[in-house]
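One file, start23.tsv, carrying TSV, C-alpha atoms and all ligand atoms:
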chain	number	residue	atom	x	y	z
P	13	MET	CA	4.21	3.56	-7.71
P	14	ASN	CA	1.41	3.85	-5.17
P	15	ILE	CA	0.11	6.91	-3.36
P	16	HIS	CA	-2.22	7.31	-0.40
P	17	GLU	CA	-5.98	7.62	-0.61
P	18	TYR	CA	-5.92	11.30	0.42
P	19	GLN	CA	-3.41	12.12	-2.35
P	20	ALA	CA	-5.47	10.23	-4.92
P	21	LYS	CA	-8.56	12.13	-3.80
P	22	GLU	CA	-6.78	15.48	-4.17
P	23	ILE	CA	-5.94	14.59	-7.77
P	24	LEU	CA	-9.51	13.48	-8.52
P	25	ASN	CA	-10.81	16.69	-7.01
P	26	THR	CA	-8.70	18.86	-9.32
P	27	TYR	CA	-10.48	17.08	-12.17
P	28	GLY	CA	-13.89	18.00	-10.80
P	29	ILE	CA	-14.66	14.67	-9.16
P	30	PRO	CA	-16.46	15.34	-5.84
P	31	ILE	CA	-14.82	14.03	-2.66
P	32	PRO	CA	-15.77	14.44	1.01
P	33	ARG	CA	-14.27	17.35	2.94
P	34	GLY	CA	-11.26	16.07	4.86
P	35	ARG	CA	-7.96	16.64	6.66
P	36	VAL	CA	-4.80	14.57	7.02
P	37	ALA	CA	-3.53	14.08	10.57
P	38	LEU	CA	-0.07	13.02	11.73
P	39	THR	CA	-0.85	12.86	15.47
P	40	SER	CA	-3.89	11.82	17.52
P	41	ASP	CA	-4.30	15.46	18.67
P	42	GLN	CA	-4.57	16.46	15.02
P	43	VAL	CA	-7.15	13.71	14.55
P	44	GLU	CA	-9.19	15.23	17.39
P	45	ARG	CA	-8.91	18.77	15.99
P	46	ALA	CA	-9.86	17.60	12.51
P	47	ALA	CA	-12.85	15.74	13.97
P	48	LYS	CA	-13.97	18.99	15.68
P	49	MET	CA	-13.70	20.82	12.36
P	50	MET	CA	-15.97	18.21	10.78
P	51	GLY	CA	-18.52	18.84	13.51
P	52	GLY	CA	-17.79	15.74	15.64
P	53	ARG	CA	-19.37	13.13	13.41
P	54	CYS	CA	-16.73	11.96	10.95
P	55	VAL	CA	-15.02	8.99	9.36
P	56	VAL	CA	-11.44	8.25	10.48
P	57	LYS	CA	-9.36	6.32	7.97
P	58	ALA	CA	-5.88	4.76	8.28
P	59	GLN	CA	-3.72	5.64	5.29
P	60	ILE	CA	-1.68	2.66	4.12
P	61	TYR	CA	-0.61	1.38	0.70
P	62	ALA	CA	-3.29	-1.32	0.70
P	63	GLY	CA	-7.04	-1.75	0.55
P	64	GLY	CA	-9.28	-3.94	2.66
P	65	ARG	CA	-8.92	-1.48	5.57
P	66	GLY	CA	-12.65	-1.37	6.32
P	67	LYS	CA	-12.79	-5.07	7.19
P	68	ALA	CA	-9.50	-4.93	9.10
P	69	GLY	CA	-10.60	-2.16	11.48
P	70	GLY	CA	-8.80	0.68	9.71
P	71	VAL	CA	-11.92	2.74	8.91
P	72	ARG	CA	-14.38	3.85	11.59
P	73	LEU	CA	-17.44	6.07	11.82
P	74	ILE	CA	-16.89	8.41	14.78
P	75	HIS	CA	-19.40	10.44	16.78
P	76	HIS	CA	-17.27	12.64	19.09
P	77	PRO	CA	-13.84	14.32	18.75
P	78	GLU	CA	-12.58	12.47	21.89
P	79	GLU	CA	-13.56	9.17	20.33
P	80	ALA	CA	-11.60	10.20	17.21
P	81	GLN	CA	-8.55	10.95	19.34
P	82	GLU	CA	-8.78	7.58	21.12
P	83	TYR	CA	-9.08	5.76	17.82
P	84	GLY	CA	-6.16	7.80	16.43
P	85	LYS	CA	-4.02	6.68	19.39
P	86	GLU	CA	-4.98	3.11	18.68
P	87	LEU	CA	-4.10	3.35	14.99
P	88	PHE	CA	-0.88	5.36	14.97
P	89	GLY	CA	2.22	3.21	14.94
P	90	ARG	CA	0.17	0.05	14.73
P	91	SER	CA	0.64	-2.32	11.80
P	92	LEU	CA	-2.62	-2.83	10.04
P	93	VAL	CA	-3.00	-6.29	8.55
P	94	THR	CA	-5.54	-6.51	5.74
P	95	LYS	CA	-6.25	-9.04	2.99
P	96	GLN	CA	-3.87	-7.09	0.76
P	97	THR	CA	-0.91	-6.42	3.09
P	98	GLY	CA	0.59	-9.82	3.87
P	99	PRO	CA	1.08	-11.14	7.42
P	100	HIS	CA	3.34	-8.31	8.69
P	101	GLY	CA	0.88	-5.56	7.77
P	102	LEU	CA	1.69	-1.91	7.10
P	103	LYS	CA	2.42	0.79	9.71
P	104	VAL	CA	-0.12	3.58	10.04
P	105	ARG	CA	1.62	6.97	10.02
P	106	ARG	CA	-1.05	9.17	8.45
P	107	ILE	CA	-4.76	9.30	9.14
P	108	LEU	CA	-7.46	10.89	7.02
P	109	VAL	CA	-10.37	12.47	8.86
P	110	GLU	CA	-13.40	13.14	6.67
P	111	GLU	CA	-16.90	14.44	7.08
P	112	ALA	CA	-19.32	11.54	7.49
P	113	VAL	CA	-21.50	11.12	4.45
P	114	GLU	CA	-24.87	9.38	4.40
P	115	ILE	CA	-24.66	6.76	1.70
P	116	ALA	CA	-27.65	5.68	-0.39
P	117	ARG	CA	-25.90	3.45	-2.94
P	118	GLU	CA	-22.34	2.14	-3.49
P	119	PHE	CA	-20.76	1.45	-6.90
P	120	TYR	CA	-17.41	0.20	-8.10
P	121	LEU	CA	-15.54	2.12	-10.80
P	122	SER	CA	-12.00	1.72	-12.05
P	123	ILE	CA	-9.75	2.18	-15.05
P	124	THR	CA	-6.69	-0.01	-15.38
P	125	LEU	CA	-4.25	-1.23	-18.01
P	126	ASP	CA	-5.16	-4.53	-19.61
P	127	ARG	CA	-1.83	-6.06	-20.56
P	128	GLU	CA	-3.43	-8.51	-22.92
P	129	SER	CA	-5.03	-5.94	-25.22
P	130	SER	CA	-2.46	-3.25	-24.27
P	131	ARG	CA	-5.34	-0.87	-23.63
P	132	TYR	CA	-7.06	0.86	-20.77
P	133	VAL	CA	-10.12	-0.99	-19.62
P	134	LEU	CA	-12.94	0.55	-17.63
P	135	ILE	CA	-14.54	-1.68	-15.01
P	136	ALA	CA	-17.79	-0.84	-13.23
P	137	SER	CA	-20.32	-2.55	-11.01
P	138	ALA	CA	-23.59	-1.59	-9.37
P	139	GLU	CA	-22.53	-3.76	-6.43
P	140	GLY	CA	-19.54	-1.81	-5.20
P	141	GLY	CA	-18.18	-1.62	-1.67
P	142	MET	CA	-16.14	-3.88	0.50
P	143	ASP	CA	-17.26	-7.17	-1.09
P	144	ILE	CA	-16.32	-6.41	-4.68
P	145	GLU	CA	-13.92	-9.40	-4.83
P	146	ASP	CA	-16.82	-11.72	-3.89
P	147	VAL	CA	-19.03	-10.15	-6.56
P	148	ALA	CA	-16.30	-10.75	-9.15
P	149	GLY	CA	-15.95	-14.36	-8.01
P	150	LYS	CA	-19.59	-15.35	-7.53
P	151	SER	CA	-21.49	-13.19	-10.04
P	152	PRO	CA	-19.05	-12.00	-12.71
P	153	GLU	CA	-22.01	-10.92	-14.86
P	154	LYS	CA	-22.47	-8.01	-12.46
P	155	ILE	CA	-19.09	-6.61	-13.47
P	156	LEU	CA	-19.17	-4.42	-16.58
P	157	THR	CA	-16.03	-3.95	-18.63
P	158	LEU	CA	-15.24	-1.69	-21.55
P	159	THR	CA	-11.99	-1.71	-23.46
P	160	ILE	CA	-11.01	1.82	-24.49
P	161	ASP	CA	-9.68	2.44	-27.98
P	162	PRO	CA	-6.59	4.64	-27.51
P	163	PHE	CA	-7.18	6.48	-30.81
P	164	SER	CA	-10.84	7.45	-30.37
P	165	GLY	CA	-10.52	7.62	-26.57
P	166	LEU	CA	-13.46	7.17	-24.24
P	167	ARG	CA	-16.61	8.53	-25.99
P	168	PRO	CA	-19.47	10.16	-24.06
P	169	PHE	CA	-21.97	7.59	-25.41
P	170	GLN	CA	-19.83	4.79	-23.96
P	171	ALA	CA	-19.65	6.49	-20.56
P	172	ARG	CA	-23.45	7.00	-20.73
P	173	LYS	CA	-23.98	3.31	-21.46
P	174	ILE	CA	-22.00	2.47	-18.30
P	175	ALA	CA	-23.88	5.04	-16.18
P	176	LEU	CA	-27.24	3.68	-17.40
P	177	ALA	CA	-26.12	0.10	-16.78
P	178	LEU	CA	-25.33	1.12	-13.19
P	179	GLY	CA	-29.03	2.03	-12.91
P	180	LEU	CA	-28.58	5.79	-12.85
P	181	ALA	CA	-31.03	8.19	-14.50
P	182	GLY	CA	-31.59	11.91	-14.98
P	183	THR	CA	-29.08	14.50	-13.81
P	184	ILE	CA	-27.17	12.01	-11.67
P	185	CYS	CA	-26.66	9.87	-14.77
P	186	GLU	CA	-25.24	12.91	-16.59
P	187	ASP	CA	-23.01	13.68	-13.58
P	188	CYS	CA	-21.74	10.11	-13.74
P	189	VAL	CA	-20.99	10.43	-17.48
P	190	GLU	CA	-18.91	13.53	-16.76
P	191	LEU	CA	-17.18	11.80	-13.84
P	192	ILE	CA	-16.25	8.78	-15.97
P	193	LEU	CA	-14.85	11.01	-18.74
P	194	ASN	CA	-12.86	12.99	-16.16
P	195	LEU	CA	-11.51	9.78	-14.67
P	196	TYR	CA	-10.15	8.81	-18.08
P	197	ARG	CA	-8.52	12.25	-18.38
P	198	VAL	CA	-6.76	11.65	-15.04
P	199	CYS	CA	-5.51	8.29	-16.34
P	200	LEU	CA	-3.97	9.84	-19.44
P	201	ASP	CA	-2.61	13.04	-17.86
P	202	LYS	CA	-1.10	11.30	-14.83
P	203	ASP	CA	0.11	8.10	-16.56
P	204	CYS	CA	-1.86	5.84	-14.25
P	205	ALA	CA	-1.56	2.07	-14.19
P	206	LEU	CA	-4.72	1.98	-12.07
P	207	ILE	CA	-7.38	4.32	-10.72
P	208	GLU	CA	-10.04	2.77	-8.55
P	209	ILE	CA	-12.99	4.38	-6.83
P	210	ASN	CA	-14.60	1.87	-4.48
P	211	PRO	CA	-17.08	2.84	-3.37
P	212	LEU	CA	-18.31	5.56	-5.68
P	213	VAL	CA	-21.48	6.57	-3.88
P	214	VAL	CA	-24.76	8.32	-4.37
P	215	THR	CA	-25.33	10.18	-1.11
P	216	LYS	CA	-28.71	10.40	0.59
P	217	ALA	CA	-28.67	14.05	-0.41
P	218	GLY	CA	-28.47	12.90	-4.03
P	219	TRP	CA	-24.84	13.60	-5.02
P	220	LEU	CA	-22.21	11.41	-6.61
P	221	MET	CA	-19.03	11.24	-4.55
P	222	ALA	CA	-15.74	9.30	-4.49
P	223	MET	CA	-15.71	7.77	-0.99
P	224	ASP	CA	-12.43	5.93	-1.48
P	225	ALA	CA	-9.70	6.28	-4.12
P	226	LYS	CA	-6.64	4.36	-5.12
P	227	ILE	CA	-4.14	5.44	-7.76
P	228	SER	CA	-1.01	3.65	-8.99
P	229	PHE	CA	1.28	5.47	-11.38
P	230	ASP	CA	3.10	3.67	-14.15
P	231	ASP	CA	6.69	3.41	-12.87
P	232	ASN	CA	8.05	3.86	-16.38
P	233	ALA	CA	6.42	7.29	-16.59
P	234	ILE	CA	7.64	8.71	-13.28
P	235	TYR	CA	10.33	10.71	-15.08
P	236	ARG	CA	7.58	12.72	-16.81
P	237	HIS	CA	6.16	13.96	-13.50
P	238	ARG	CA	8.58	15.86	-11.32
P	239	GLU	CA	6.21	15.91	-8.36
P	240	TYR	CA	5.84	12.11	-8.05
P	241	PRO	CA	9.00	11.22	-6.07
P	242	ASP	CA	7.98	13.72	-3.35
P	243	MET	CA	4.57	12.08	-3.08
P	244	MET	CA	6.08	8.73	-2.14
P	245	ASP	CA	5.70	7.56	1.47
P	246	TYR	CA	8.79	5.48	2.17
P	247	SER	CA	7.36	4.21	5.46
P	248	GLN	CA	5.05	2.04	3.37
P	249	LEU	CA	7.84	0.29	1.47
P	250	ASP	CA	10.07	-2.60	2.51
P	251	PRO	CA	13.35	-0.95	3.72
P	252	LEU	CA	15.34	-3.64	1.94
P	253	GLU	CA	13.60	-2.80	-1.33
P	254	ILE	CA	14.47	0.89	-0.86
P	255	ASN	CA	18.11	-0.04	-0.18
P	256	ALA	CA	18.22	-2.32	-3.23
P	257	ALA	CA	16.80	0.44	-5.43
P	258	LYS	CA	19.59	2.76	-4.23
P	259	TYR	CA	22.17	0.33	-5.58
P	260	ASP	CA	20.13	-0.34	-8.71
P	261	LEU	CA	19.44	-3.92	-7.64
P	262	ALA	CA	16.07	-5.57	-8.28
P	263	TYR	CA	14.99	-7.12	-4.95
P	264	ILE	CA	11.69	-8.91	-4.55
P	265	LYS	CA	10.56	-10.26	-1.19
P	266	LEU	CA	8.96	-13.69	-1.20
P	267	SER	CA	7.64	-15.88	1.58
P	268	GLY	CA	10.13	-18.79	1.89
P	269	SER	CA	13.54	-19.31	3.51
P	270	ILE	CA	16.13	-19.42	0.70
P	271	GLY	CA	17.73	-16.13	-0.35
P	272	CYS	CA	18.53	-16.08	-4.07
P	273	LEU	CA	21.29	-13.99	-5.59
P	274	VAL	CA	21.11	-14.15	-9.35
P	275	ASN	CA	22.22	-12.10	-12.36
P	276	GLY	CA	19.57	-11.42	-14.98
P	277	ALA	CA	15.76	-11.56	-14.66
P	278	GLY	CA	15.41	-14.65	-16.88
P	279	LEU	CA	17.96	-16.58	-14.85
P	280	ALA	CA	16.19	-15.43	-11.67
P	281	MET	CA	12.86	-16.85	-12.84
P	282	ALA	CA	14.51	-20.13	-13.88
P	283	THR	CA	16.27	-20.31	-10.49
P	284	LEU	CA	13.01	-19.90	-8.60
P	285	ASP	CA	11.33	-22.56	-10.74
P	286	VAL	CA	14.11	-25.11	-10.22
P	287	LEU	CA	14.30	-24.37	-6.48
P	288	LYS	CA	10.56	-24.94	-6.16
P	289	GLU	CA	10.84	-28.15	-8.14
P	290	CYS	CA	13.44	-29.37	-5.63
P	291	GLY	CA	11.05	-28.61	-2.77
P	292	GLY	CA	12.66	-25.30	-1.75
P	293	GLU	CA	10.87	-22.04	-0.94
P	294	PRO	CA	12.60	-18.82	-2.03
P	295	ALA	CA	12.68	-16.00	0.56
P	296	ASN	CA	13.41	-13.42	-2.10
P	297	PHE	CA	15.17	-12.91	-5.32
P	298	LEU	CA	17.82	-10.38	-5.87
P	299	ASP	CA	18.90	-9.64	-9.41
P	300	VAL	CA	22.29	-7.91	-9.56
P	301	GLY	CA	21.99	-7.40	-13.33
P	302	GLY	CA	24.36	-8.30	-16.14
P	303	GLY	CA	27.38	-6.12	-15.42
P	304	ALA	CA	27.45	-6.25	-11.63
P	305	THR	CA	30.63	-5.08	-9.90
P	306	ARG	CA	32.22	-6.65	-6.82
P	307	GLU	CA	30.72	-3.88	-4.66
P	308	LYS	CA	27.28	-4.54	-6.08
P	309	VAL	CA	27.49	-8.25	-5.38
P	310	ALA	CA	28.69	-7.48	-1.84
P	311	GLU	CA	25.78	-5.06	-1.28
P	312	ALA	CA	23.32	-7.60	-2.67
P	313	PHE	CA	24.67	-10.20	-0.28
P	314	ARG	CA	24.29	-7.80	2.63
P	315	ILE	CA	20.67	-7.09	1.69
P	316	ILE	CA	19.85	-10.80	1.53
P	317	LEU	CA	21.41	-11.34	4.95
P	318	GLN	CA	19.29	-8.57	6.48
P	319	ASP	CA	16.15	-10.48	5.51
P	320	CYS	CA	15.51	-12.39	8.73
P	321	ASP	CA	13.47	-15.06	6.93
P	322	VAL	CA	16.62	-16.20	5.10
P	323	LYS	CA	18.01	-19.50	6.44
P	324	GLY	CA	20.28	-20.31	3.50
P	325	ILE	CA	21.57	-18.65	0.34
P	326	PHE	CA	21.62	-19.85	-3.21
P	327	VAL	CA	23.85	-17.93	-5.60
P	328	ASN	CA	23.32	-18.62	-9.29
P	329	ILE	CA	25.54	-16.48	-11.48
P	330	PHE	CA	26.62	-16.62	-15.06
P	331	GLY	CA	29.92	-14.82	-15.52
P	332	GLY	CA	29.65	-13.29	-18.94
P	333	ILE	CA	30.50	-9.60	-18.77
P	334	MET	CA	31.30	-10.25	-15.14
P	335	ARG	CA	34.15	-12.63	-14.19
P	336	CYS	CA	33.40	-15.46	-11.75
P	337	ASP	CA	36.46	-14.75	-9.58
P	338	VAL	CA	35.31	-11.15	-9.07
P	339	ILE	CA	31.86	-12.37	-8.05
P	340	ALA	CA	33.43	-14.86	-5.64
P	341	GLN	CA	35.46	-12.02	-4.09
P	342	GLY	CA	32.27	-9.98	-3.62
P	343	ILE	CA	30.53	-12.90	-1.89
P	344	ILE	CA	33.49	-13.63	0.41
P	345	GLU	CA	33.96	-9.96	1.28
P	346	ALA	CA	30.29	-9.49	2.23
P	347	ALA	CA	29.95	-12.80	4.06
P	348	GLU	CA	33.06	-12.07	6.15
P	349	ALA	CA	32.06	-8.47	6.84
P	350	VAL	CA	28.73	-9.52	8.35
P	351	GLY	CA	30.00	-12.76	9.88
P	352	CYS	CA	27.65	-14.96	7.86
P	353	THR	CA	27.36	-18.53	9.13
P	354	LEU	CA	24.37	-19.55	7.02
P	355	PRO	CA	24.76	-22.36	4.51
P	356	ILE	CA	25.57	-21.07	1.02
P	357	VAL	CA	25.47	-22.89	-2.29
P	358	VAL	CA	27.08	-21.24	-5.27
P	359	ARG	CA	26.48	-22.33	-8.81
P	360	MET	CA	28.56	-20.35	-11.24
P	361	ASP	CA	29.67	-20.70	-14.79
P	362	GLY	CA	31.47	-18.60	-17.39
P	363	SER	CA	34.69	-16.57	-17.40
P	364	ASN	CA	37.32	-17.54	-14.81
P	365	VAL	CA	34.98	-20.09	-13.24
P	366	GLU	CA	37.75	-22.29	-11.85
P	367	GLU	CA	39.50	-19.34	-10.17
P	368	GLY	CA	36.16	-18.34	-8.66
P	369	LYS	CA	35.45	-21.81	-7.29
P	370	THR	CA	38.94	-22.07	-5.81
P	371	LEU	CA	38.51	-18.75	-3.99
P	372	LEU	CA	35.21	-19.95	-2.51
P	373	ARG	CA	36.57	-23.36	-1.46
P	374	GLU	CA	39.50	-21.71	0.32
P	375	SER	CA	37.41	-19.01	1.96
P	376	GLY	CA	36.50	-20.95	5.10
P	377	LEU	CA	32.80	-20.09	4.62
P	378	ASN	CA	30.00	-22.66	4.98
P	379	VAL	CA	29.82	-22.88	1.20
P	380	GLN	CA	29.23	-25.68	-1.29
P	381	ILE	CA	29.63	-25.54	-5.05
P	382	GLY	CA	26.77	-26.70	-7.26
P	383	ASN	CA	27.83	-28.53	-10.42
P	384	ASN	CA	24.84	-27.19	-12.33
P	385	LEU	CA	21.55	-25.41	-11.62
P	386	GLY	CA	19.65	-28.58	-10.61
P	387	ASP	CA	22.47	-29.85	-8.44
P	388	GLY	CA	22.93	-26.44	-6.76
P	389	ALA	CA	19.22	-26.08	-6.03
P	390	SER	CA	18.82	-29.55	-4.55
P	391	ARG	CA	22.02	-29.04	-2.48
P	392	ILE	CA	20.74	-25.88	-0.74
P	393	VAL	CA	17.37	-27.56	-0.10
P	394	ARG	CA	19.12	-30.60	1.42
P	395	MET	CA	21.49	-28.42	3.48
P	396	LEU	CA	18.51	-26.62	4.99
P	397	SER	CA	16.63	-29.81	5.75
P	398	GLY	CA	19.77	-31.08	7.52
P	399	GLU	CA	20.33	-33.96	5.07
P	400	VAL	CA	23.84	-32.79	4.23
P	401	GLN	CA	26.21	-30.65	6.24
P	501	LIG	P1	-11.15	-0.01	2.10
P	501	LIG	O1	-11.86	-1.05	2.92
P	501	LIG	O2	-9.67	0.02	2.35
P	501	LIG	O3	-11.48	-0.11	0.65
P	501	LIG	O4	-11.67	1.41	2.66
P	501	LIG	P2	-12.89	2.35	2.20
P	501	LIG	O5	-12.40	3.72	2.12
P	501	LIG	O6	-13.55	1.82	0.98
P	501	LIG	O7	-13.88	2.27	3.43
P	501	LIG	C1	-14.59	1.07	3.76
P	501	LIG	C2	-16.08	1.34	3.82
P	501	LIG	O8	-16.38	2.32	4.76
P	501	LIG	C3	-16.66	1.85	2.51
P	501	LIG	O9	-16.96	0.82	1.61
P	501	LIG	C4	-17.90	2.59	2.98
P	501	LIG	O10	-19.01	1.70	3.01
P	501	LIG	C5	-17.56	2.99	4.40
P	501	LIG	N1	-17.35	4.46	4.45
P	501	LIG	C6	-16.24	5.14	4.10
P	501	LIG	N2	-16.43	6.46	4.26
P	501	LIG	C7	-17.69	6.62	4.74
P	501	LIG	C8	-18.51	7.75	5.10
P	501	LIG	O11	-18.14	8.91	5.02
P	501	LIG	N3	-19.76	7.48	5.54
P	501	LIG	C9	-20.24	6.21	5.68
P	501	LIG	N4	-21.47	6.00	6.11
P	501	LIG	N5	-19.52	5.15	5.32
P	501	LIG	C10	-18.26	5.33	4.87
P	502	MN	MN	-12.53	0.93	-0.70
Could you show the structure in this file as structure tokens?
Amino acid sequence: MNIHEYQAKEILNTYGIPIPRGRVALTSDQVERAAKMMGGRCVVKAQIYAGGRGKAGGVRLIHHPEEAQEYGKELFGRSLVTKQTGPHGLKVRRILVEEAVEIAREFYLSITLDRESSRYVLIASAEGGMDIEDVAGKSPEKILTLTIDPFSGLRPFQARKIALALGLAGTICEDCVELILNLYRVCLDKDCALIEINPLVVTKAGWLMAMDAKISFDDNAIYRHREYPDMMDYSQLDPLEINAAKYDLAYIKLSGSIGCLVNGAGLAMATLDVLKECGGEPANFLDVGGGATREKVAEAFRIILQDCDVKGIFVNIFGGIMRCDVIAQGIIEAAEAVGCTLPIVVRMDGSNVEEGKTLLRESGLNVQIGNNLGDGASRIVRMLSGEVQ
């Protein structure tokens, strides 16, 4: 689960990590007022669930409150497309206005879960800022990493080694040690999957400060933090994903044109692989789970049809707990309710498979039956390319 930069900064601040003075605005008038409070000169930042805003025009240094208001008008409601958002971008609905800080140096600092070692790993670089991905690609030796032992935790001498390697000395080095130790405390207390400060800066006045902050919580730990659901900004999520979550369906948006309705995550992965092998591009995958009911299948079908990238549907279901005729009823019900005319290929196997196939054949829908996974996948690909009707 992601949160906005301003929320992440509030958390860091409660752990003693310095952040710039700032205000969140919901309208361009509020942006102007906040800019006045900061004394005119300020930084105006679009709040979206993605980084790369600086290069995409979502962060601007402002000199007058009127200029802030103008920029606010430009940003609000607009979809900001950055390297991390995908082609549709993310709508700006909140803007952070902060005091402008004179920056002397920019660092990169993060703690994230390393799935390979199953441990937190601290990552730091003296070359932080907007080009950190390039640094990682071109000069990986400039990226420092430290795997944290969960039993001994992060030790002050380890944090000091990192601070010294960043080229810090004296009191600012000690401040950095404290900041790194506090960052690790945030990770543990808040069950973070990722905390990233980029850039962490030394200001011209000689202070360390978190200029940007990103936090992702571990979804499996949300139940331990009652305040997390209220922190979520649904405007930043795909509405179809929200709808799917409501019905306990796992829906993942992809970039192709074939909607995939599957039961079970393993079968879903296999379906995507075989589709790709046949030259098809999945538009999404929707896992209805092992014991899906007719209503659930119908809802899943509706969600797939709302995805306007979908040009055809591939259903791959194994009727184990779930009977194939019940699944067929769910598909027919949903397809008729929304007047679906898209080509559909159904591959099903398991309990009552013949009854299920008969229902589909007699439904009057534009549906073909796949004899097996490979046959089903190549059928939907050929139907979309116009090779078969
Ligand atoms: P991101 O591009 O989404 O990661 O957004 P950031 O919050 O990191 O902002 C992009 C860049 O704007 C940073 O790397 C800083 O160099 C710059 N920046 C952000 N806040 C300030 C500020 O208060 N003063 C100055 N001078 N630069 C800032
Ligand atoms: Mn940043």
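Considering only C-alpha atoms, the residue among P:Asp126, P:Glu44, P:Glu82, P:Asp299 positioned nearest to Phe330 in chain P is P:Asp299.
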Q: Considering all atoms listed in the file, return as a ChimeraX atom specification whatever protein or nucleic-acid residues lie within 8 Å of Leu178 in chain P, sequence-local ones (same chain, fewer than 3 positions apart) excluded.
A: /P:119,136-138,174-175
Could you dump the residues just selected with C-alpha atoms as a short mmCIF file (atom, residue, chain, number, x, y, z; two decimals), in the coordinates of the input?
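As written to disk, selection-v9.cif reads:
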data_model
loop_
_atom_site.label_atom_id
_atom_site.label_comp_id
_atom_site.auth_asym_id
_atom_site.auth_seq_id
_atom_site.Cartn_x
_atom_site.Cartn_y
_atom_site.Cartn_z
CA PHE P 119 -20.76 1.45 -6.90
CA ALA P 136 -17.79 -0.84 -13.23
CA SER P 137 -20.32 -2.55 -11.01
CA ALA P 138 -23.59 -1.59 -9.37
CA ILE P 174 -22.00 2.47 -18.30
CA ALA P 175 -23.88 5.04 -16.18
#
Starting from 6 Å padding per side, set up an axis-aligned box that covers all listed atoms of range 216-235 of chain P and hand over centre and edge lengths in Å, one decimal, as JSON.
{"center_x": -9.2, "center_y": 8.7, "center_z": -8.0, "size_x": 51.0, "size_y": 22.6, "size_z": 29.2}
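Using only C-alpha atoms, the nearest neighbour of Leu220 in chain P within the list P:Met50, P:Leu134, P:Ile115, P:Ile254 is P:Ile115.
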Q: For CA of Glu208 in chain P and atom O7 of ligand LIG 501 (chain P), quote the distance in Å rounded to one decimal.
A: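 If I compute the distance from CA of Glu208 in chain P to atom O7 of ligand LIG 501 (chain P), I get 12.6 Å.
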Q | Counting only C-alpha atoms, the option among P:Glu110, P:Val93, P:Gly382, P:Asn210 closest to Lys48 in chain P | A |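 Looking only at the distances to Lys48 in chain P, the closest residue turns out to be P:Glu110.
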Exercise answer, 9 Å around ligand MN 502 (chain P) with only C-alpha atoms and all ligand atoms, as a PDB file with C-alpha atoms, keeping the file's coordinate frame:
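So the final result, stored in selection-v2.pdb, reads:
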ATOM      1  CA  GLY P  63      -7.040  -1.750   0.550  1.00  0.00           C
ATOM      2  CA  GLY P  64      -9.280  -3.940   2.660  1.00  0.00           C
ATOM      3  CA  ARG P  65      -8.920  -1.480   5.570  1.00  0.00           C
ATOM      4  CA  GLY P  66     -12.650  -1.370   6.320  1.00  0.00           C
ATOM      5  CA  TYR P 120     -17.410   0.200  -8.100  1.00  0.00           C
ATOM      6  CA  GLY P 140     -19.540  -1.810  -5.200  1.00  0.00           C
ATOM      7  CA  GLY P 141     -18.180  -1.620  -1.670  1.00  0.00           C
ATOM      8  CA  MET P 142     -16.140  -3.880   0.500  1.00  0.00           C
ATOM      9  CA  GLU P 208     -10.040   2.770  -8.550  1.00  0.00           C
ATOM     10  CA  ILE P 209     -12.990   4.380  -6.830  1.00  0.00           C
ATOM     11  CA  ASN P 210     -14.600   1.870  -4.480  1.00  0.00           C
ATOM     12  CA  PRO P 211     -17.080   2.840  -3.370  1.00  0.00           C
ATOM     13  CA  LEU P 212     -18.310   5.560  -5.680  1.00  0.00           C
ATOM     14  CA  MET P 223     -15.710   7.770  -0.990  1.00  0.00           C
ATOM     15  CA  ASP P 224     -12.430   5.930  -1.480  1.00  0.00           C
ATOM     16  CA  ALA P 225      -9.700   6.280  -4.120  1.00  0.00           C
ATOM     17  CA  LYS P 226      -6.640   4.360  -5.120  1.00  0.00           C
TER      18      LYS P 226
END
Q) Quick one: of P:Gln59, P:Thr353, P:Ser363, P:Asn383, who's nearest to ligand LIG 501 (chain P), counting all atoms listed in the file? A)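 Closest residue, counting all atoms listed in the file: P:Gln59.
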